[in-house]
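Coordinates as given in query33.tsv (TSV, C-alpha atoms and all ligand atoms):
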```tsv
chain	number	residue	atom	x	y	z
A	23	MET	CA	-18.31	11.07	-2.07
A	24	LYS	CA	-18.60	11.71	-5.80
A	25	CYS	CA	-17.12	9.61	-8.60
A	26	THR	CA	-13.78	11.10	-9.65
A	27	ARG	CA	-14.60	10.44	-13.34
A	28	CYS	CA	-18.31	11.15	-13.89
A	29	LYS	CA	-19.37	12.92	-10.64
A	30	LYS	CA	-22.20	10.46	-9.89
A	31	ILE	CA	-22.31	8.94	-6.40
A	32	ALA	CA	-19.15	6.90	-5.79
A	33	ALA	CA	-19.52	3.26	-4.75
A	34	VAL	CA	-15.85	2.41	-4.19
A	35	ALA	CA	-13.42	4.68	-2.33
A	36	LEU	CA	-9.74	4.27	-3.17
A	37	PRO	CA	-7.64	6.35	-0.77
A	38	SER	CA	-4.41	4.99	-2.31
A	39	HIS	CA	-5.34	6.74	-5.57
A	40	ASN	CA	-6.99	9.65	-3.83
A	41	ALA	CA	-10.13	8.79	-5.81
A	42	GLY	CA	-13.56	7.19	-5.68
A	43	PHE	CA	-15.61	5.63	-8.46
A	44	CYS	CA	-19.18	4.71	-9.34
A	45	PRO	CA	-19.63	1.06	-10.42
A	46	GLU	CA	-19.17	1.73	-14.16
A	47	CYS	CA	-16.17	4.02	-13.75
A	48	PHE	CA	-14.57	1.59	-11.29
A	49	LYS	CA	-14.53	-1.07	-14.03
A	50	VAL	CA	-12.89	1.47	-16.36
A	51	PHE	CA	-10.31	2.24	-13.64
A	52	PHE	CA	-9.64	-1.50	-13.23
A	53	SER	CA	-9.16	-1.95	-16.98
A	54	ARG	CA	-6.77	0.99	-17.18
A	55	GLN	CA	-4.64	-0.41	-14.35
A	56	VAL	CA	-4.39	-3.74	-16.19
A	57	GLU	CA	-3.49	-1.96	-19.45
A	58	LYS	CA	-0.93	0.19	-17.65
A	59	ALA	CA	0.72	-2.92	-16.16
A	60	ILE	CA	0.83	-4.60	-19.59
A	61	LYS	CA	2.28	-1.51	-21.27
A	62	GLU	CA	4.76	-0.37	-18.61
A	63	ARG	CA	6.28	-3.82	-18.15
A	64	THR	CA	5.79	-4.92	-21.80
A	65	LEU	CA	4.05	-8.06	-20.55
A	66	PHE	CA	2.63	-9.17	-23.92
A	67	SER	CA	1.03	-7.97	-27.12
A	68	LYS	CA	-1.98	-8.84	-29.27
A	69	GLU	CA	0.27	-11.27	-31.18
A	70	ASP	CA	0.92	-13.43	-28.11
A	71	ARG	CA	-1.03	-16.58	-27.28
A	72	ILE	CA	-1.75	-16.23	-23.59
A	73	LEU	CA	-2.56	-19.14	-21.30
A	74	ILE	CA	-4.34	-18.04	-18.13
A	75	ALA	CA	-4.00	-20.18	-15.01
A	76	LEU	CA	-7.57	-20.45	-13.72
A	77	SER	CA	-8.30	-21.56	-10.16
A	78	GLY	CA	-11.95	-20.53	-10.03
A	79	GLY	CA	-11.19	-17.76	-7.51
A	80	LYS	CA	-11.94	-14.07	-8.02
A	81	ASP	CA	-8.47	-13.00	-9.14
A	82	SER	CA	-7.91	-15.48	-11.96
A	83	LEU	CA	-11.46	-15.04	-13.28
A	84	ALA	CA	-11.21	-11.23	-13.11
A	85	LEU	CA	-7.95	-11.44	-15.05
A	86	ALA	CA	-9.46	-13.74	-17.69
A	87	ARG	CA	-12.48	-11.46	-18.13
A	88	GLU	CA	-10.35	-8.34	-18.51
A	89	LEU	CA	-7.84	-9.81	-20.97
A	90	HIS	CA	-10.69	-11.27	-23.01
A	91	LEU	CA	-12.55	-7.92	-23.11
A	92	LEU	CA	-9.34	-6.09	-24.00
A	93	GLY	CA	-9.09	-8.31	-27.08
A	94	TYR	CA	-6.08	-10.46	-26.20
A	95	ASN	CA	-5.70	-13.98	-27.57
A	96	THR	CA	-6.40	-16.02	-24.44
A	97	ALA	CA	-7.28	-19.52	-23.31
A	98	GLY	CA	-7.68	-20.86	-19.77
A	99	LEU	CA	-6.19	-23.88	-18.06
A	100	TYR	CA	-7.78	-25.40	-14.98
A	101	ILE	CA	-5.85	-28.06	-13.09
A	102	ASP	CA	-8.24	-30.44	-11.37
A	103	LEU	CA	-6.39	-31.55	-8.23
A	104	ALA	CA	-9.19	-33.95	-7.17
A	105	ILE	CA	-9.45	-32.34	-3.73
A	106	PRO	CA	-12.78	-33.26	-2.13
A	107	GLY	CA	-15.07	-30.34	-1.44
A	108	SER	CA	-13.16	-27.82	-3.54
A	109	SER	CA	-11.88	-29.10	-6.92
A	110	GLU	CA	-15.26	-30.07	-8.34
A	111	THR	CA	-16.95	-26.83	-7.25
A	112	ALA	CA	-14.11	-24.70	-8.58
A	113	ARG	CA	-14.15	-26.59	-11.88
A	114	ASP	CA	-17.90	-25.99	-12.26
A	115	HIS	CA	-17.37	-22.25	-11.76
A	116	VAL	CA	-14.50	-22.14	-14.24
A	117	GLU	CA	-16.39	-24.12	-16.88
A	118	ARG	CA	-19.51	-21.96	-16.57
A	119	PHE	CA	-17.47	-18.75	-16.61
A	120	CYS	CA	-15.54	-19.73	-19.76
A	121	ARG	CA	-18.67	-20.96	-21.52
A	122	ASP	CA	-20.53	-17.71	-20.78
A	123	LEU	CA	-17.67	-15.51	-22.01
A	124	GLY	CA	-16.62	-17.70	-24.93
A	125	ILE	CA	-13.10	-18.29	-23.59
A	126	SER	CA	-11.60	-21.63	-24.59
A	127	LEU	CA	-10.80	-23.81	-21.61
A	128	HIS	CA	-8.41	-26.71	-21.11
A	129	VAL	CA	-8.58	-29.01	-18.10
A	130	LEU	CA	-5.83	-31.25	-16.78
A	131	GLU	CA	-6.84	-33.92	-14.27
A	132	MET	CA	-4.26	-34.91	-11.70
A	133	GLU	CA	-6.17	-38.14	-11.10
A	134	LYS	CA	-5.27	-39.17	-14.67
A	135	GLU	CA	-1.66	-38.08	-14.12
A	136	GLY	CA	-1.47	-40.41	-11.10
A	137	MET	CA	-1.14	-37.49	-8.67
A	138	PRO	CA	-4.49	-36.67	-7.05
A	139	ILE	CA	-3.58	-34.35	-4.18
A	140	PRO	CA	-5.32	-36.36	-1.42
A	141	GLU	CA	-3.12	-39.37	-2.36
A	142	VAL	CA	-0.02	-37.19	-2.63
A	143	ARG	CA	-0.80	-35.86	0.84
A	144	LYS	CA	-0.87	-39.38	2.29
A	145	LYS	CA	2.52	-40.26	0.79
A	146	PHE	CA	4.49	-37.16	1.77
A	147	ASN	CA	5.66	-36.21	5.21
A	148	ARG	CA	5.58	-32.50	4.71
A	149	PRO	CA	2.96	-29.79	4.22
A	150	VAL	CA	1.05	-30.72	1.07
A	151	CYS	CA	0.93	-27.12	-0.22
A	152	SER	CA	4.60	-27.09	-1.18
A	153	VAL	CA	4.20	-30.35	-3.17
A	154	CYS	CA	0.89	-29.22	-4.67
A	155	GLY	CA	2.39	-25.86	-5.64
A	156	ARG	CA	5.27	-27.60	-7.37
A	157	ILE	CA	2.91	-29.87	-9.31
A	158	LYS	CA	0.75	-26.93	-10.42
A	159	ARG	CA	3.73	-24.81	-11.53
A	160	TYR	CA	5.12	-27.76	-13.47
A	161	TYR	CA	1.90	-28.53	-15.33
A	162	PHE	CA	1.03	-24.90	-16.12
A	163	ASN	CA	4.50	-24.39	-17.58
A	164	ARG	CA	4.53	-27.71	-19.41
A	165	PHE	CA	1.06	-27.27	-20.87
A	166	ALA	CA	1.94	-23.78	-22.12
A	167	LEU	CA	5.14	-24.97	-23.81
A	168	ASP	CA	3.63	-28.16	-25.27
A	169	ASN	CA	0.72	-26.23	-26.76
A	170	GLY	CA	2.53	-23.25	-28.26
A	171	PHE	CA	1.49	-20.53	-25.79
A	172	SER	CA	4.02	-17.72	-25.59
A	173	VAL	CA	2.92	-16.42	-22.17
A	174	LEU	CA	1.49	-17.84	-18.95
A	175	ALA	CA	-0.58	-15.30	-17.00
A	176	THR	CA	-1.57	-15.71	-13.36
A	177	GLY	CA	-4.00	-13.72	-11.23
A	178	HIS	CA	-1.55	-12.67	-8.48
A	179	ASN	CA	-2.57	-9.25	-7.17
A	180	LEU	CA	-0.70	-6.43	-5.44
A	181	ASP	CA	-1.35	-7.87	-1.97
A	182	ASP	CA	0.13	-11.24	-3.03
A	183	GLU	CA	3.16	-9.64	-4.61
A	184	ALA	CA	3.85	-7.08	-1.86
A	185	ALA	CA	3.48	-9.78	0.84
A	186	ARG	CA	5.89	-12.08	-1.00
A	187	LEU	CA	8.38	-9.23	-1.35
A	188	PHE	CA	7.99	-8.30	2.33
A	189	SER	CA	8.62	-11.91	3.35
A	190	ASN	CA	11.69	-12.21	1.09
A	191	VAL	CA	13.08	-8.92	2.41
A	192	MET	CA	12.50	-9.96	6.02
A	193	ARG	CA	14.67	-13.03	5.38
A	194	TRP	CA	16.95	-11.23	2.86
A	195	ASP	CA	16.36	-14.12	0.55
A	196	VAL	CA	18.44	-12.63	-2.23
A	197	SER	CA	18.02	-15.44	-4.75
A	198	TYR	CA	14.23	-15.02	-4.66
A	199	LEU	CA	14.45	-11.21	-4.71
A	200	GLY	CA	16.23	-11.40	-8.07
A	201	SER	CA	13.56	-13.60	-9.59
A	202	GLN	CA	10.49	-11.84	-8.19
A	203	GLY	CA	8.33	-9.67	-10.38
A	204	PRO	CA	5.30	-9.52	-12.68
A	205	ASP	CA	7.39	-10.09	-15.81
A	206	LEU	CA	9.58	-13.19	-15.68
A	207	PRO	CA	11.18	-13.77	-19.08
A	208	ALA	CA	11.17	-17.09	-20.95
A	209	GLU	CA	14.22	-19.25	-20.34
A	210	GLN	CA	15.26	-22.65	-21.61
A	211	GLY	CA	12.35	-24.92	-20.62
A	212	PHE	CA	10.33	-22.12	-19.01
A	213	VAL	CA	7.55	-20.12	-20.65
A	214	ARG	CA	7.37	-16.36	-20.04
A	215	LYS	CA	5.32	-15.70	-16.86
A	216	VAL	CA	3.34	-12.52	-16.20
A	217	LYS	CA	1.08	-11.09	-13.50
A	218	PRO	CA	-1.06	-8.35	-15.08
A	219	LEU	CA	-3.01	-7.67	-11.85
A	220	TYR	CA	0.07	-6.62	-9.90
A	221	ARG	CA	-1.09	-2.98	-9.67
A	222	LEU	CA	-4.50	-3.97	-8.22
A	223	SER	CA	-5.14	-4.83	-4.58
A	224	GLU	CA	-7.21	-7.70	-3.29
A	225	PHE	CA	-9.89	-5.18	-2.30
A	226	GLU	CA	-9.96	-3.88	-5.88
A	227	THR	CA	-10.17	-7.32	-7.53
A	228	ALA	CA	-12.94	-8.30	-5.07
A	229	ASN	CA	-14.89	-5.16	-5.97
A	230	TYR	CA	-14.33	-5.70	-9.66
A	231	SER	CA	-15.53	-9.31	-9.47
A	232	PHE	CA	-18.63	-8.25	-7.60
A	233	LEU	CA	-19.44	-5.33	-9.92
A	234	ALA	CA	-18.78	-7.39	-13.05
A	235	GLY	CA	-21.07	-10.14	-11.75
A	236	ILE	CA	-18.36	-12.82	-11.78
A	237	ASP	CA	-19.66	-15.99	-10.15
A	238	TYR	CA	-16.42	-17.16	-8.55
A	239	CYS	CA	-15.71	-20.05	-6.23
A	240	TYR	CA	-15.57	-19.43	-2.48
A	241	ALA	CA	-14.98	-23.03	-1.39
A	242	PRO	CA	-11.59	-22.98	0.35
A	243	CYS	CA	-9.20	-25.87	-0.07
A	244	PRO	CA	-9.59	-28.11	3.02
A	245	TYR	CA	-5.78	-28.43	3.21
A	246	SER	CA	-5.06	-24.70	3.39
A	247	LYS	CA	-4.11	-23.87	6.94
A	248	GLY	CA	-4.21	-20.11	6.58
A	249	ALA	CA	-3.14	-18.90	3.16
A	250	SER	CA	0.52	-18.17	2.58
A	251	PHE	CA	1.85	-14.79	3.66
A	252	THR	CA	-1.31	-14.12	5.73
A	253	TYR	CA	0.53	-12.30	8.49
A	254	TYR	CA	2.54	-10.20	6.05
A	255	LYS	CA	-0.67	-9.25	4.29
A	256	TYR	CA	-2.18	-8.22	7.61
A	257	LEU	CA	0.84	-6.04	8.45
A	258	LEU	CA	0.78	-4.41	5.02
A	259	ASP	CA	-2.97	-3.77	5.37
A	260	GLU	CA	-2.35	-1.97	8.68
A	261	LEU	CA	0.33	0.15	7.05
A	262	GLU	CA	-1.85	0.88	4.03
A	263	HIS	CA	-4.64	1.98	6.32
A	264	GLU	CA	-2.38	4.54	8.03
A	265	GLN	CA	-0.49	5.52	4.89
A	266	PRO	CA	-2.60	4.94	1.74
A	267	GLY	CA	-0.49	4.06	-1.29
A	268	ARG	CA	2.32	2.35	0.66
A	269	LYS	CA	1.74	-1.10	-0.85
A	270	ILE	CA	2.09	0.01	-4.45
A	271	SER	CA	5.02	2.32	-3.69
A	272	PHE	CA	6.80	-0.51	-1.83
A	273	TYR	CA	6.32	-2.95	-4.69
A	274	GLU	CA	6.86	-0.59	-7.62
A	275	GLY	CA	9.85	0.98	-5.90
A	276	PHE	CA	11.39	-2.48	-5.72
A	277	LEU	CA	10.67	-3.16	-9.40
A	278	ASN	CA	12.05	0.19	-10.51
A	279	ARG	CA	14.98	0.67	-8.15
A	280	GLY	CA	15.67	-2.46	-6.09
A	281	ARG	CA	15.36	-5.53	-8.26
A	282	GLN	CA	18.37	-4.91	-10.48
A	283	ALA	CA	20.64	-5.23	-7.43
A	284	PHE	CA	19.65	-8.91	-7.16
A	285	ASP	CA	18.94	-10.08	-10.67
A	286	HIS	CA	22.39	-11.58	-11.26
A	287	ILE	CA	21.92	-13.91	-8.29
A	288	ASP	CA	20.69	-17.35	-9.34
A	289	GLN	CA	18.37	-19.56	-7.34
A	290	GLU	CA	19.33	-22.87	-5.80
A	291	GLY	CA	23.06	-22.31	-5.46
A	292	GLY	CA	23.63	-20.82	-8.88
A	293	GLU	CA	23.21	-24.05	-10.83
A	294	LYS	CA	21.70	-23.57	-14.28
A	295	PRO	CA	18.77	-25.94	-14.89
A	296	GLY	CA	19.10	-28.63	-17.53
A	297	PRO	CA	16.49	-31.02	-18.95
A	298	CYS	CA	15.14	-33.76	-16.68
A	299	PRO	CA	16.22	-37.14	-18.11
A	300	ARG	CA	12.69	-38.52	-17.60
A	301	CYS	CA	10.33	-35.77	-18.75
A	302	GLY	CA	12.64	-33.25	-20.45
A	303	TYR	CA	11.49	-30.28	-18.36
A	304	PRO	CA	14.02	-28.19	-16.43
A	305	THR	CA	15.70	-29.37	-13.27
A	306	THR	CA	18.82	-28.52	-11.31
A	307	GLY	CA	18.94	-32.00	-9.77
A	308	ASP	CA	19.25	-35.40	-11.43
A	309	ILE	CA	15.52	-35.84	-12.03
A	310	CYS	CA	12.96	-33.05	-11.66
A	311	GLY	CA	10.77	-32.52	-8.58
A	312	VAL	CA	7.62	-33.75	-10.29
A	313	CYS	CA	9.25	-36.92	-11.65
A	314	ARG	CA	10.45	-37.54	-8.08
A	315	ILE	CA	6.86	-37.13	-6.84
A	316	ARG	CA	5.70	-39.56	-9.58
A	317	GLU	CA	8.29	-42.05	-8.40
A	318	VAL	CA	7.06	-41.84	-4.78
A	319	MET	CA	3.44	-42.23	-5.95
A	320	HIS	CA	4.29	-45.45	-7.80
A	321	ARG	CA	6.02	-47.10	-4.84
A	401	LIG	FE1	-2.88	-27.08	-3.13
A	401	LIG	FE2	-2.42	-26.05	-0.69
A	401	LIG	FE3	-3.63	-24.58	-2.57
A	401	LIG	FE4	-4.90	-26.65	-1.45
A	401	LIG	S1	-4.21	-24.75	-0.41
A	401	LIG	S2	-4.83	-26.14	-3.64
A	401	LIG	S3	-3.21	-28.10	-1.16
A	401	LIG	S4	-1.52	-25.34	-2.64
A	402	ZN	ZN	10.94	-34.71	-14.90
```
Hey, can you dump this file as structure tokens for me?
Ligand code: SF4
Ligand code: ZN
Amino acid sequence: MKCTRCKKIAAVALPSHNAGFCPECFKVFFSRQVEKAIKERTLFSKEDRILIALSGGKDSLALARELHLLGYNTAGLYIDLAIPGSSETARDHVERFCRDLGISLHVLEMEKEGMPIPEVRKKFNRPVCSVCGRIKRYYFNRFALDNGFSVLATGHNLDDEAARLFSNVMRWDVSYLGSQGPDLPAEQGFVRKVKPLYRLSEFETANYSFLAGIDYCYAPCPYSKGASFTYYKYLLDELEHEQPGRKISFYEGFLNRGRQAFDHIDQEGGEKPGPCPRCGYPTTGDICGVCRIREVMHR
């Protein structure tokens, strides 16, 4: 197969785009998909200060590299969860990556916040991922707001987004359908959240990371029992294999024609969040979820 752009030998075949690319042209393709996402959904501009949530994995590092090369005003935030066997390794990768590219990096240590995940895990009688996810979302949002960032960008890719949509549709979870998308606007107490890789599949971000020589972290979290939405991703992969282009048409179709049917439906019973009396960040309950976790940790 020949490269669709330059006619050299193609290294990556992309049936969903009816195209194939050599290594150099694939990186150009990747960049254009990111730019298209930013432009079509008006995700941000060169005036924005963008905080990138960095985990050390291929997606968040690919996103950071691209936004940096495209000339956006970016900084990274790594949240050190103190998980043995994964946090330290991931942090090393993130620190080296940011140093090499000249991206400024902030690190928040959950040990210092009194919430190292192994301790949290011991105190809570439910799967630690839901508590950990809540803590991460809270601190990414809080750090962005406290430090004057106008946008928080995450490395969610098309597979993540399509699988989440599939799962929400399967349960007809209408409150989540209204608030799903790569372009969640700022609200009182919440920074604007964007997902510029939403047009790119996991296969494409993996290829990009490899071809761009990104040294990302492979060490899986020891507490992950099969990543979320694994089965939905598998089903979508099967479908994509038979009908190339289905994933993006499913997800973009929802954004363009389905989402507006749900966007007036609020989450969590329609209650508008107000400031948490302890930390000032949004909550629909009396105190926010993270202050509740703090309370349990101090018992
Ligand atoms: Fe946290 Fe679960 Fe992710 Fe591990 S797999 S970092 S516990 S959310
Ligand atoms: Zn609080």
Give me the residues near Glu224 in chain A as a PyMOL selection string, where near means some atom within 10 Å (using only C-alpha atoms) and where sequence neighbours in that chain fewer than 6 positions away do not count.
chain A and resi 80-81+178-182+230
I want to know what sits within 8 Å of Lys24 in chain A, based on all atoms listed in the file, with residues of the same chain fewer than 5 positions away left out; could you give that as a ChimeraX atom specification?
/A:29-32,42-44
Fewer than 2 positions away in the same chain doesn't count, so skip those; otherwise give me all residues within 9 Å of range 270-277 of chain A, counting all atoms listed in the file, as number ranges by chain.
A: 38, 180-181, 183-184, 187-188, 202-204, 220-223, 267-268, 279-282
Using only C-alpha atoms and all ligand atoms, find each residue with an atom at most 9 Å away from ligand LIG 401 (chain A) and format the answer as a compact mmCIF listing (two decimals) with C-alpha atoms, in the frame of the given file.
```txt
# COMPACT_ATOMS: atom_id res chain seq x y z
CA SER A 77 -8.30 -21.56 -10.16
CA LEU A 103 -6.39 -31.55 -8.23
CA ILE A 105 -9.45 -32.34 -3.73
CA SER A 108 -13.16 -27.82 -3.54
CA SER A 109 -11.88 -29.10 -6.92
CA ILE A 139 -3.58 -34.35 -4.18
CA PRO A 140 -5.32 -36.36 -1.42
CA ARG A 143 -0.80 -35.86 0.84
CA PRO A 149 2.96 -29.79 4.22
CA VAL A 150 1.05 -30.72 1.07
CA CYS A 151 0.93 -27.12 -0.22
CA SER A 152 4.60 -27.09 -1.18
CA VAL A 153 4.20 -30.35 -3.17
CA CYS A 154 0.89 -29.22 -4.67
CA GLY A 155 2.39 -25.86 -5.64
CA ARG A 156 5.27 -27.60 -7.37
CA ILE A 157 2.91 -29.87 -9.31
CA LYS A 158 0.75 -26.93 -10.42
CA PRO A 242 -11.59 -22.98 0.35
CA CYS A 243 -9.20 -25.87 -0.07
CA PRO A 244 -9.59 -28.11 3.02
CA TYR A 245 -5.78 -28.43 3.21
CA SER A 246 -5.06 -24.70 3.39
CA LYS A 247 -4.11 -23.87 6.94
CA GLY A 248 -4.21 -20.11 6.58
CA ALA A 249 -3.14 -18.90 3.16
CA SER A 250 0.52 -18.17 2.58
```
Kindly work out which residues sit at most 9 Å from ligand ZN 402 (chain A), using all atoms listed in the file, and give the list as a ChimeraX atom specification.
/A:297-305,309-314,316
Coordinates-based distance that separates CA of Thr96 in chain A from CA of Glu226 in chain A (Å, one decimal)
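Going from CA of Glu226 in chain A over to CA of Thr96 in chain A, I get 22.5 Å.
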What are the centre and edge lengths in Å, to one decimal, of the axis-aligned box around all listed atoms of range 302-306 of chain A with 8 Å added on each side, as lines of an AutoDock Vina configuration file?
```
center_x = 15.2
center_y = -30.7
center_z = -15.9
size_x = 23.3
size_y = 21.1
size_z = 25.1
```
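Reported to one decimal place, the separation of CA of Glu141 in chain A from CA of Pro106 in chain A is 11.4 Å.
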